[in-house]
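Comments concern the structure below.
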Amino acid sequence: MASEGLTRRRGAGASPAIGSASPAFSDTPTFASTSGGAPRRPGGTTNNVPTSSAGGSGGAGAMEGRGKIAYDPRDFENGGESETMPRLTIMEEVLLLGLKDKAGYLSFWNDNISYALRGCILIELALRRRIAMVKDPSRRRLALADRLIEVIDDRQTGETILDEALKMMKSSEKYGTGAWVDLMSGETWNVMKIGYQLKQVRERLAKGLVDKGVLRTEKRNFLLFDMATHPIADMNAKDDVMRRVLTLLTARTAAIPPQALHKEGVKYRHTRAVVLVCAAYASSVLENALQRLSYDSREAAFARCDDILAEFSTWPFGVTTSNVAGPVSIGGGTRKREGGSGGVGRESVQELVREVRKEMAASTTGQAGAGGGQEEQEELCFEVVATVLEIFGRMDSLL
């Protein structure tokens, strides 16, 4: 499993059988990307337009008689950790960026989002301090994706998919980050490990957003079969995600605008902003947030995202960025676009690195002050984040 996390499927997946449920939300890719000109971001549009609507459930949210399947509402009512967690997980925000507002389904041509969502699961668990790198000095001899991770806190999060992944990792032997992303995606030739695959992640995330009142469920007819779709019910939720992505990638000041971050009180606001744009980039849905920009502005936004990914796909973060403002170079990781962003864009990325370092320092200081000597463990959680971003940078969608 040493290098599984650095390998991505390049062939076309099998087409879904006629009558199969929700192919747009299926975790088995239906087509390889064939869009020309910009192989980095093949998703976006499709000619598979539904012929008619077979009625919908309106804005009722969850189906009649169905329980809350994707999250525990008590997680948002109780104090403690829930007070510092955002309403939507990183996976849900990425899914929202990919969904068509009225049609309620993802592009049939997007072969990258399923894999990226598994990586987002690991990032979300790391930011909630549930998993971390195994504390072993010899791990530095290994590539990031091959370093073993372990469960450090098996308390439930209230999110069904996160809890399922956490339970599986707790009961399993230790694997590297790259191996876990592959296993949860079903990308393994070992039939004994096929049970590690998290199935129907996109559909389950969509149903979780239905339960949270962000989406609604409708049934649409696609030529020879019906499928469940999930149009946007609460546009404010998607607009908030779009606004944060746009503001972060188009800001004209070196300082990070508050509009690019979650509200005050949310833990790791700057780190979550970084992860959101990088995960959207790897999932081939970032262009959906930038489509209203001019060509030059859109290319500048992608260049800035390249620089962000280059800075945060290494460990420690931003190895070439100092803790004080100044003209330093950008990028310890792999940049996809020659030249990168310049001027204000470069300064903004440097400032983002500094803000994330401050969040790490504040978190480790709090852990040290609370006793238990867990400040180093906090850094091991952030190392998982850097590893997943490094895997994102090696995906086919960004090559």
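Letters A, B, ... go to the chains of the structure tokens in the order shown; residues in each chain start at 1; ligands are counted from 1 in the same order.
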Glu379 in chain A: which residues within 9 Å, counting only C-alpha atoms, same-chain residues fewer than 4 positions away excluded, as a VMD selection string? chain A and resid 132 to 133 360 364 375 383 to 384
Grab the residues selected above and save them as an mmCIF file, in the first residue's frame with C-alpha atoms.
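Result file is out-v7.cif:
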data_model
loop_
_atom_site.group_PDB
_atom_site.id
_atom_site.type_symbol
_atom_site.label_atom_id
_atom_site.label_comp_id
_atom_site.auth_asym_id
_atom_site.auth_seq_id
_atom_site.Cartn_x
_atom_site.Cartn_y
_atom_site.Cartn_z
ATOM 1 C CA ALA A 132 -3.364 12.033 13.541
ATOM 2 C CA MET A 133 -0.063 10.798 12.188
ATOM 3 C CA MET A 360 -1.778 26.005 14.904
ATOM 4 C CA THR A 364 -1.050 23.835 20.551
ATOM 5 C CA GLU A 375 0.582 20.067 21.712
ATOM 6 C CA GLU A 383 0.278 16.823 9.146
ATOM 7 C CA VAL A 384 -2.637 14.675 7.982
#
re CA of Glu173 in chain A and CA of Lys199 in chain A: distance 20.3 Å
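The closest residue to Ala362 in chain A, picked from A:Asp306, A:Ala273, A:Lys267, A:Met242 and counting only C-alpha atoms, is A:Lys267.
When only C-alpha atoms are used to measure the gap to Leu95 in chain A, the shortest distance among A:Asp182, A:Asp146, A:Asp211, A:Glu203 belongs to A:Glu203.
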Give me every strand (DSSP E or B) residue in range 87-320 of chain A, going by DSSP on the backbone, as number ranges by chain. A: 131-133, 148-151, 159, 176, 215, 218-222, 225-229, 232
At a cut-off of 9 Å, using only C-alpha atoms, what residues contact Ile121 in chain A? Leave out same-chain residues fewer than 6 positions from it and give the result as a list in words. Thr89, Ile90, Met91, Ile161, Leu162, Ala165 and Val181 of chain A
I need the residues of range 109-313 of chain A that end up classed as alpha helix (DSSP H) by DSSP on the backbone, written out as JSON, numbers by chain. {"A": [113, 114, 115, 116, 117, 118, 119, 120, 121, 122, 123, 124, 125, 126, 127, 160, 161, 162, 163, 164, 165, 166, 167, 168, 169, 170, 171, 177, 178, 179, 180, 181, 182, 183, 184, 185, 201, 202, 203, 204, 205, 206, 207, 208, 209, 210, 211, 235, 236, 237, 238, 239, 240, 241, 242, 243, 244, 245, 246, 247, 248, 249, 250, 269, 270, 271, 272, 273, 274, 275, 276, 277, 278, 279, 280, 281, 282, 286, 287, 288, 289, 290, 295, 296, 297, 298, 299, 300, 301, 302, 303, 304, 305, 306, 307, 308, 309, 310, 311, 312]}
